[in-house]
Every structure is written in C-alpha cells, then in structure tokens.
>>> print(open('structure.txt').read())   # compact mmCIF, C-alpha atoms (C1' of nucleotides)
# COMPACT_ATOMS: atom_id res chain seq x y z
CA MET A 202 34.11 -1.47 42.00
CA LEU A 203 34.11 1.03 39.26
CA GLU A 204 32.11 -0.95 36.74
CA LEU A 205 32.54 0.95 33.50
CA VAL A 206 30.02 -1.21 31.78
CA ASP A 207 30.19 -0.71 28.08
CA VAL A 208 26.59 -1.24 27.23
CA GLY A 209 26.94 -1.17 23.49
CA CYS A 210 23.51 0.27 23.25
CA SER A 211 22.64 3.75 24.43
CA PRO A 212 18.87 4.14 24.39
CA ALA A 213 17.24 7.54 24.24
CA ALA A 214 20.37 8.93 22.63
CA LEU A 215 18.39 9.69 19.50
CA SER A 216 17.57 13.12 18.25
CA ASP A 217 13.90 13.71 17.65
CA ALA A 218 12.23 11.76 14.93
CA MET A 219 9.95 13.18 12.33
CA SER A 220 6.64 13.84 14.06
CA ALA A 221 3.94 11.23 13.69
CA GLU A 222 1.67 13.69 11.88
CA THR A 223 4.36 14.74 9.43
CA ALA A 224 5.23 11.11 8.77
CA THR A 225 1.60 10.17 8.19
CA GLU A 226 1.13 13.06 5.81
CA LEU A 227 4.28 12.30 3.85
CA ALA A 228 3.43 8.61 3.76
CA ARG A 229 0.03 9.38 2.28
CA THR A 230 1.67 11.42 -0.47
CA LEU A 231 4.21 8.70 -1.15
CA LYS A 232 1.48 6.08 -1.34
CA ALA A 233 0.03 8.04 -4.23
CA LEU A 234 3.34 7.61 -6.03
CA ALA A 235 3.96 4.00 -5.07
CA ASP A 236 2.01 2.38 -7.88
CA PRO A 237 3.28 1.31 -11.31
CA ALA A 238 0.27 2.66 -13.19
CA ARG A 239 0.46 6.05 -11.52
CA LEU A 240 4.20 6.32 -12.07
CA ARG A 241 3.63 5.65 -15.75
CA VAL A 242 0.90 8.27 -15.87
CA LEU A 243 3.25 10.85 -14.40
CA SER A 244 5.94 9.75 -16.80
CA LEU A 245 3.58 10.18 -19.73
CA VAL A 246 2.50 13.62 -18.64
CA ALA A 247 6.01 14.73 -17.73
CA GLY A 248 7.35 13.36 -21.00
CA ASN A 249 5.14 15.69 -22.96
CA ASP A 250 7.13 18.76 -21.95
CA GLY A 251 4.39 20.39 -19.96
CA ARG A 252 1.75 19.92 -22.58
CA GLU A 253 -1.54 18.65 -21.34
CA VAL A 254 -2.54 15.06 -21.78
CA CYS A 255 -6.06 13.94 -22.53
CA ALA A 256 -7.44 11.13 -20.39
CA CYS A 257 -8.40 9.27 -23.55
CA ASP A 258 -4.70 9.04 -24.44
CA LEU A 259 -3.87 7.12 -21.31
CA THR A 260 -5.96 3.98 -21.23
CA ASP A 261 -4.25 2.46 -24.26
CA PRO A 262 -0.58 2.79 -23.23
CA LEU A 263 -1.43 1.70 -19.70
CA GLY A 264 -3.44 -1.33 -20.71
CA LEU A 265 -6.02 -0.67 -18.04
CA SER A 266 -9.76 -0.16 -18.15
CA GLN A 267 -11.13 3.36 -18.36
CA PRO A 268 -12.55 3.37 -14.79
CA THR A 269 -9.22 2.22 -13.42
CA VAL A 270 -7.34 4.97 -15.25
CA SER A 271 -9.86 7.49 -13.98
CA HIS A 272 -9.30 6.21 -10.46
CA HIS A 273 -5.54 6.62 -10.70
CA LEU A 274 -5.93 10.11 -12.10
CA LYS A 275 -8.13 11.05 -9.19
CA VAL A 276 -5.55 9.75 -6.73
CA LEU A 277 -2.82 11.81 -8.38
CA VAL A 278 -5.00 14.91 -8.43
CA ASP A 279 -5.97 14.48 -4.78
CA ALA A 280 -2.32 14.06 -3.85
CA GLY A 281 -1.48 17.30 -5.61
CA PHE A 282 0.66 15.88 -8.40
CA LEU A 283 -1.72 16.54 -11.28
CA GLN A 284 -4.25 19.22 -12.08
CA ARG A 285 -7.36 18.57 -14.08
CA ASP A 286 -8.76 20.87 -16.73
CA LYS A 287 -12.05 19.65 -18.12
CA ARG A 288 -12.88 21.40 -21.37
CA GLY A 289 -16.15 20.28 -22.84
CA VAL A 290 -16.20 16.54 -23.11
CA TRP A 291 -12.50 16.00 -22.63
CA ALA A 292 -10.39 16.10 -19.48
CA TYR A 293 -6.83 17.33 -19.76
CA TYR A 294 -4.22 16.67 -17.14
CA SER A 295 -0.94 18.46 -16.48
CA LEU A 296 1.78 18.38 -13.85
CA VAL A 297 1.53 20.63 -10.82
CA PRO A 298 4.85 22.48 -10.87
CA GLY A 299 7.11 21.73 -7.94
CA ALA A 300 4.93 18.99 -6.49
CA LEU A 301 7.50 16.25 -6.93
CA GLU A 302 10.35 18.43 -5.68
CA ARG A 303 8.37 19.21 -2.55
CA VAL A 304 8.11 15.50 -1.80
CA THR A 305 11.76 14.70 -2.32
CA ASP A 306 12.73 17.66 -0.14
CA ALA A 307 10.51 16.36 2.67
CA LEU A 308 12.27 13.00 2.67
CA PRO A 309 14.73 12.25 5.50
CA GLY A 310 18.06 13.63 4.43
CA GLY A 311 16.21 15.67 1.87
CA ARG A 312 17.94 18.96 2.52
CA MET B 90 -16.06 21.24 -47.67
CA LEU B 91 -12.68 21.50 -46.12
CA GLU B 92 -13.57 20.29 -42.66
CA LEU B 93 -10.59 21.20 -40.54
CA VAL B 94 -11.97 19.29 -37.62
CA ASP B 95 -10.21 20.36 -34.48
CA VAL B 96 -10.43 17.17 -32.50
CA GLY B 97 -9.20 18.54 -29.25
CA CYS B 98 -7.75 15.19 -28.43
CA SER B 99 -4.82 13.68 -30.27
CA PRO B 100 -4.37 10.09 -29.18
CA ALA B 101 -1.05 8.30 -29.59
CA ALA B 102 0.72 11.65 -29.58
CA LEU B 103 2.49 10.68 -26.38
CA SER B 104 6.15 10.02 -26.04
CA ASP B 105 7.01 6.68 -24.54
CA ALA B 106 6.07 6.07 -20.96
CA MET B 107 8.29 4.59 -18.34
CA SER B 108 8.45 0.87 -19.03
CA ALA B 109 6.16 -1.38 -17.04
CA GLU B 110 9.10 -3.16 -15.44
CA THR B 111 10.82 0.05 -14.42
CA ALA B 112 7.57 1.37 -13.00
CA THR B 113 6.95 -1.81 -11.03
CA GLU B 114 10.45 -1.77 -9.63
CA LEU B 115 10.29 1.88 -8.65
CA ALA B 116 6.83 1.41 -7.16
CA ARG B 117 8.11 -1.42 -4.99
CA THR B 118 10.88 0.82 -3.68
CA LEU B 119 8.46 3.67 -3.03
CA LYS B 120 6.10 1.34 -1.19
CA ALA B 121 8.91 0.70 1.25
CA LEU B 122 9.02 4.43 1.94
CA ALA B 123 5.28 5.01 2.01
CA ASP B 124 4.69 4.16 5.64
CA PRO B 125 4.73 6.51 8.63
CA ALA B 126 6.66 4.14 10.86
CA ARG B 127 9.34 3.53 8.26
CA LEU B 128 9.70 7.22 7.49
CA ARG B 129 10.24 7.87 11.17
CA VAL B 130 12.82 5.11 11.33
CA LEU B 131 14.74 6.67 8.48
CA SER B 132 14.41 10.06 10.10
CA LEU B 133 15.80 8.69 13.35
CA VAL B 134 18.74 7.06 11.67
CA ALA B 135 19.42 10.00 9.38
CA GLY B 136 19.14 12.40 12.29
CA ASN B 137 22.02 10.73 14.04
CA ASP B 138 24.56 12.03 11.55
CA GLY B 139 25.50 8.71 10.13
CA ARG B 140 25.98 7.06 13.47
CA GLU B 141 24.46 3.65 13.81
CA VAL B 142 21.21 3.15 15.63
CA CYS B 143 20.47 0.14 17.78
CA ALA B 144 17.18 -1.62 17.18
CA CYS B 145 16.42 -1.41 20.88
CA ASP B 146 16.40 2.39 20.59
CA LEU B 147 13.56 2.36 18.10
CA THR B 148 10.61 0.59 19.68
CA ASP B 149 10.09 3.29 22.32
CA PRO B 150 9.99 6.41 20.12
CA LEU B 151 7.85 4.60 17.55
CA GLY B 152 5.35 3.26 20.03
CA LEU B 153 5.20 -0.07 18.25
CA SER B 154 5.82 -3.61 19.38
CA GLN B 155 9.26 -5.12 18.92
CA PRO B 156 8.16 -7.56 16.18
CA THR B 157 6.56 -4.75 14.22
CA VAL B 158 9.70 -2.62 14.43
CA SER B 159 11.76 -5.59 13.32
CA HIS B 160 9.41 -6.06 10.39
CA HIS B 161 9.78 -2.44 9.27
CA LEU B 162 13.54 -2.65 9.58
CA LYS B 163 13.55 -5.72 7.38
CA VAL B 164 11.46 -3.94 4.75
CA LEU B 165 13.87 -1.00 4.71
CA VAL B 166 16.89 -3.31 4.49
CA ASP B 167 15.33 -5.33 1.68
CA ALA B 168 14.55 -2.13 -0.20
CA GLY B 169 18.17 -1.05 0.11
CA PHE B 170 17.67 1.97 2.36
CA LEU B 171 19.25 0.54 5.50
CA GLN B 172 22.12 -1.81 6.19
CA ARG B 173 22.21 -4.06 9.20
CA ASP B 174 25.26 -4.76 11.29
CA LYS B 175 24.62 -7.33 13.98
CA ARG B 176 27.34 -7.26 16.61
CA GLY B 177 26.83 -9.82 19.29
CA VAL B 178 23.37 -9.49 20.70
CA TRP B 179 22.60 -6.08 19.26
CA ALA B 180 21.64 -5.08 15.77
CA TYR B 181 22.84 -1.73 14.48
CA TYR B 182 21.30 -0.01 11.49
CA SER B 183 22.72 2.74 9.31
CA LEU B 184 21.75 4.51 6.11
CA VAL B 185 22.92 3.15 2.78
CA PRO B 186 24.63 6.16 1.20
CA GLY B 187 22.92 7.44 -1.91
CA ALA B 188 19.90 5.16 -1.67
CA LEU B 189 17.40 7.96 -1.27
CA GLU B 190 18.99 10.09 -3.96
CA ARG B 191 18.78 7.18 -6.36
CA VAL B 192 15.03 7.00 -5.81
CA THR B 193 14.37 10.69 -6.27
CA ASP B 194 16.46 10.68 -9.43
CA ALA B 195 14.37 7.84 -10.85
CA LEU B 196 11.16 9.78 -10.37
CA PRO B 197 9.53 11.31 -13.46
CA GLY B 198 11.17 14.66 -14.01
CA GLY B 199 13.79 13.63 -11.49
CA ARG B 200 17.02 14.95 -12.89
C1' DC C 102 26.31 -25.83 30.32
C1' DT C 103 22.54 -23.01 31.72
C1' DG C 104 19.91 -18.91 31.96
C1' DG C 105 18.60 -14.48 30.31
C1' DG C 106 17.82 -11.04 27.15
C1' DG C 107 17.91 -8.81 22.38
C1' DT C 108 16.09 -9.94 17.61
C1' DA C 109 13.97 -12.32 14.09
C1' DT C 110 10.23 -15.24 12.38
C1' DC C 111 5.47 -17.27 12.35
C1' DG C 112 0.49 -17.27 12.26
C1' DA C 113 -3.54 -14.78 12.42
C1' DC C 114 -6.51 -11.00 11.68
C1' DA C 115 -8.40 -6.52 10.24
C1' DG C 116 -8.15 -2.95 6.97
C1' DC C 117 -6.65 -0.94 2.73
C1' DC C 118 -5.84 -1.07 -2.39
C1' DG C 119 -5.99 -2.04 -7.44
C1' DT C 120 -8.97 -3.81 -10.67
C1' DC C 121 -13.10 -4.39 -13.43
C1' DA C 122 -18.21 -4.35 -15.05
C1' DA C 123 -22.13 -1.71 -14.58
C1' DT C 124 -24.06 2.54 -14.14
C1' DG C 125 -24.41 7.59 -13.72
C1' DT C 126 -23.39 12.34 -15.35
C1' DC C 127 -22.69 15.84 -18.53
C1' DC C 128 -21.64 18.01 -22.77
C1' DC C 129 -21.84 18.38 -27.58
C1' DA C 130 -23.76 17.24 -32.50
C1' DC C 131 -27.63 16.71 -35.14
C1' DG D 262 -34.87 17.34 -27.62
C1' DT D 263 -32.50 13.14 -28.57
C1' DG D 264 -28.57 10.24 -29.05
C1' DG D 265 -23.89 9.30 -28.43
C1' DG D 266 -19.53 9.66 -26.49
C1' DA D 267 -16.06 10.96 -22.73
C1' DC D 268 -15.37 10.72 -18.18
C1' DA D 269 -16.59 9.81 -13.18
C1' DT D 270 -18.69 7.01 -9.59
C1' DT D 271 -20.36 2.75 -7.43
C1' DG D 272 -20.13 -1.97 -5.84
C1' DA D 273 -17.79 -6.10 -5.51
C1' DC D 274 -13.82 -9.04 -5.12
C1' DG D 275 -9.08 -10.86 -4.49
C1' DG D 276 -4.64 -9.74 -2.81
C1' DC D 277 -1.50 -7.21 -0.20
C1' DT D 278 -0.02 -4.97 4.30
C1' DG D 279 0.56 -3.36 9.10
C1' DT D 280 -0.10 -4.98 13.51
C1' DC D 281 0.27 -8.02 17.41
C1' DG D 282 1.11 -12.28 20.54
C1' DA D 283 3.63 -16.33 20.67
C1' DT D 284 7.63 -18.53 19.68
C1' DA D 285 12.20 -19.59 17.90
C1' DC D 286 17.01 -18.20 17.45
C1' DC D 287 21.36 -16.82 19.15
C1' DC D 288 24.89 -14.74 21.74
C1' DC D 289 26.96 -13.61 25.97
C1' DA D 290 27.44 -13.80 31.28
C1' DG D 291 27.89 -16.68 34.98
>>> encode(input="structure.txt", output="structure tokens")
Amino acid sequence: MLELVDVGCSPAALSDAMSAETATELARTLKALADPARLRVLSLVAGNDGREVCACDLTDPLGLSQPTVSHHLKVLVDAGFLQRDKRGVWAYYSLVPGALERVTDALPGGR
Amino acid sequence: MLELVDVGCSPAALSDAMSAETATELARTLKALADPARLRVLSLVAGNDGREVCACDLTDPLGLSQPTVSHHLKVLVDAGFLQRDKRGVWAYYSLVPGALERVTDALPGGR
DNA sequence: CTGGGGTATCGACAGCCGTCAATGTCCCAC
DNA sequence: GTGGGACATTGACGGCTGTCGATACCCCAG
C-alpha cells in the first residue's frame, strides 16, 4: 500500500498566533490611527518639532467642526498618542514620546 | 500703552499637515490592520518564517467561520499585506515583503 | 462525466464610527 | 458678578464593517 499522500495542506503546523487579547488591544490602538483626520492631527503636531499645538489651530486646517476636532483629540489622547495640557482657556496638545514606535514594534514582524 | 498682548495661542503657525489624500490613503491601509482577526492572521503567516500558509489552517486557530476568514484574507490582500497563490484546490498566503515597513515609514514621525 | 471538498461571493443583520448642531462647563476680562 | 470665548459633552443620524448562513465556483479523484 504505502500511500504517501501528499496532502498539500498541513493543518496545525502553525506556530502560535498572537493572543486574542493582544490582538484586540493592538487593534484598538490601530483604530485610533486609522482615520484621515486623526492622522493629519498627528502630522500637524509632529510637524511642529515637539512644540505644543493649540486646539484652536486645528479646526481650520482640518476643515472640520470644533466638536468633531475635539472628539478626534480625545480619541488620540485616550489611545496614548497625545497628551493634553489645559492652561487657562486654551488646550495644548503634544506628542507622547515613543507612543508611535511602541505600536510599530508590536506589529507582526515588528522586531 | 504698549500692549504686548501675549495671546497664548498663535493660529496659522503650523507647518503643513499631511495632505488629505495621503491621509485618506494611509487611513485605508491602517483600517486593514486595525482588526484583531487580521492581526492574528498576519501574525500566523509571519510566524511561519516566510513559509506559505494554507487558508484551511486559519479558520481553526481564529475561531471564525470560513467565509469570515476568507473575507479577512481578501481585505489583507487588497491592502497589499498578503499575496495569494492558489494552487489547485488550496489557497496559500504569504507576506508581501516590505509592506508593513512601508506603512510604519508613512506614519507621522516615521523615519 | 460525476461527486466531493476547499474557497470565494452574496445577502442580511447588528454594532460601531465620524460628523454636526445644540448645549454644557469653565476660565478669564471687565 | 457678568459676559464672552475656548473647549468638552450630548444626542442624533447616515454610512461603514464584522459576522454568519446559504450558495456559487472550481479543481481534482474516481
């Protein structure tokens, strides 16, 4: 007999996947990045060489209403990408150092 | 008088943001990554040291139905992260080299 | 050719998300 | 204290998205 069947598909031959919890966590962080408006916010803040950016500076270049900008800022703060510093009437935002690097390192194949 | 008003907020002092088109494009790519199931798929494929992974190997570790897995694979292929090689009845998937690096480089502050 | 099995597609449905107008909150100027 | 302005929150709405069952496609074995 000796049926050396070449299956062409060897199930269960996979090394362990990223755990479901890790994947969910990372996905939540990536969702915070996966929006044009938020990417532009980060770009604006990052483009200012670490200087803080006032919320009032953002609604014009983004072309969005003030509540919408505020919403996006909150998402980025909650995700750990931005930090808020409210001084008096104004709110200043700046990058959290290393936040983006931490995400790219957590990606599959990310070192 | 000499009112040296310190405004505390200097609008329009921002360098140019990422263009709306670039942001939309990058956001679309990131959306493809921002899902637990898809991250685990990439992790499974990447964890196999470049060897191809058969679609039939994926539905079990993911705990999802076959159509759903097929859907996620299509999203990852369309986004340029995976390439499909259908040989006979089976479909083999492998990483597109450099796809992930290209995304991380496009991120704000992503040099 | 016929049957069987691996994949892809379709249709439907629930839940999430981005957006805005309206409103609330809080701090400063007067 | 009173008014105004900057920012946050709420509520509502349309659109997108992940999921599944059902079904179609397609290749190989016999």
>>> residues_around(input="structure.txt", residues="segment 233-239 of chain A", least_positions_apart="4", cutoff="6 Å", atoms="only C-alpha atoms (C1' of nucleotides)", output="MDAnalysis selection string")
chainID B and resid 112:113 116 119:120
>>> atom_distance(input="structure.txt", atom1="atom CA of Lys163 of chain B", atom2="atom C1' of DC118 of chain C")
22.2 Å
>>> axis_aligned_box(input="structure.txt", around="segment 265-279 of chain A", padding_each_side="3 Å", output="lines of an AutoDock Vina configuration file")
center_x = -7.7
center_y = 7.1
center_z = -11.6
size_x = 15.7
size_y = 21.6
size_z = 19.6
>>> residues_around(input="structure.txt", residues="DA285 of chain D", least_positions_apart="6", cutoff="12 Å", atoms="all atoms listed in the file", output="ChimeraX atom specification")
/C:108-111
>>> closest_residue(input="structure.txt", among="A:Val297, A:Val242, A:Met219, A:Leu265", to="DT120 of chain C", atoms="all atoms listed in the file")
A:Leu265
>>> interface_residues(input="structure.txt", of="chain A", to="chain B", cutoff="7 Å", atoms="only C-alpha atoms", output="ChimeraX atom specification")
/A:210,212-213,215-219,221,224-225,228-229,231-232,235-237,240-241,243-245,247-249,255,257-258,305,309-310
>>> closest_atom_pairs(input="structure.txt", of="chain D", to="chain A", cutoff="8 Å", atoms="only C-alpha atoms (C1' of nucleotides)", output="CSV")
residue,atom,partner,partner_atom,distance
D:DA267,C1',A:Val290,CA,5.6
D:DC268,C1',A:Ala292,CA,7.4
D:DA269,C1',A:Ser271,CA,7.2
>>> atom_distance(input="structure.txt", atom1="atom C1' of DT278 of chain D", atom2="atom CA of Ala168 of chain B")
15.5 Å
>>> atom_distance(input="structure.txt", atom1="atom C1' of DG112 of chain C", atom2="atom CA of Arg173 of chain B")
25.6 Å
>>> interface_residues(input="structure.txt", of="chain C", to="chain A", cutoff="10 Å", atoms="all atoms listed in the file", output="list in words")
DG119, DT120, DC121, DA122, DC127, DC128 and DC129 of chain C
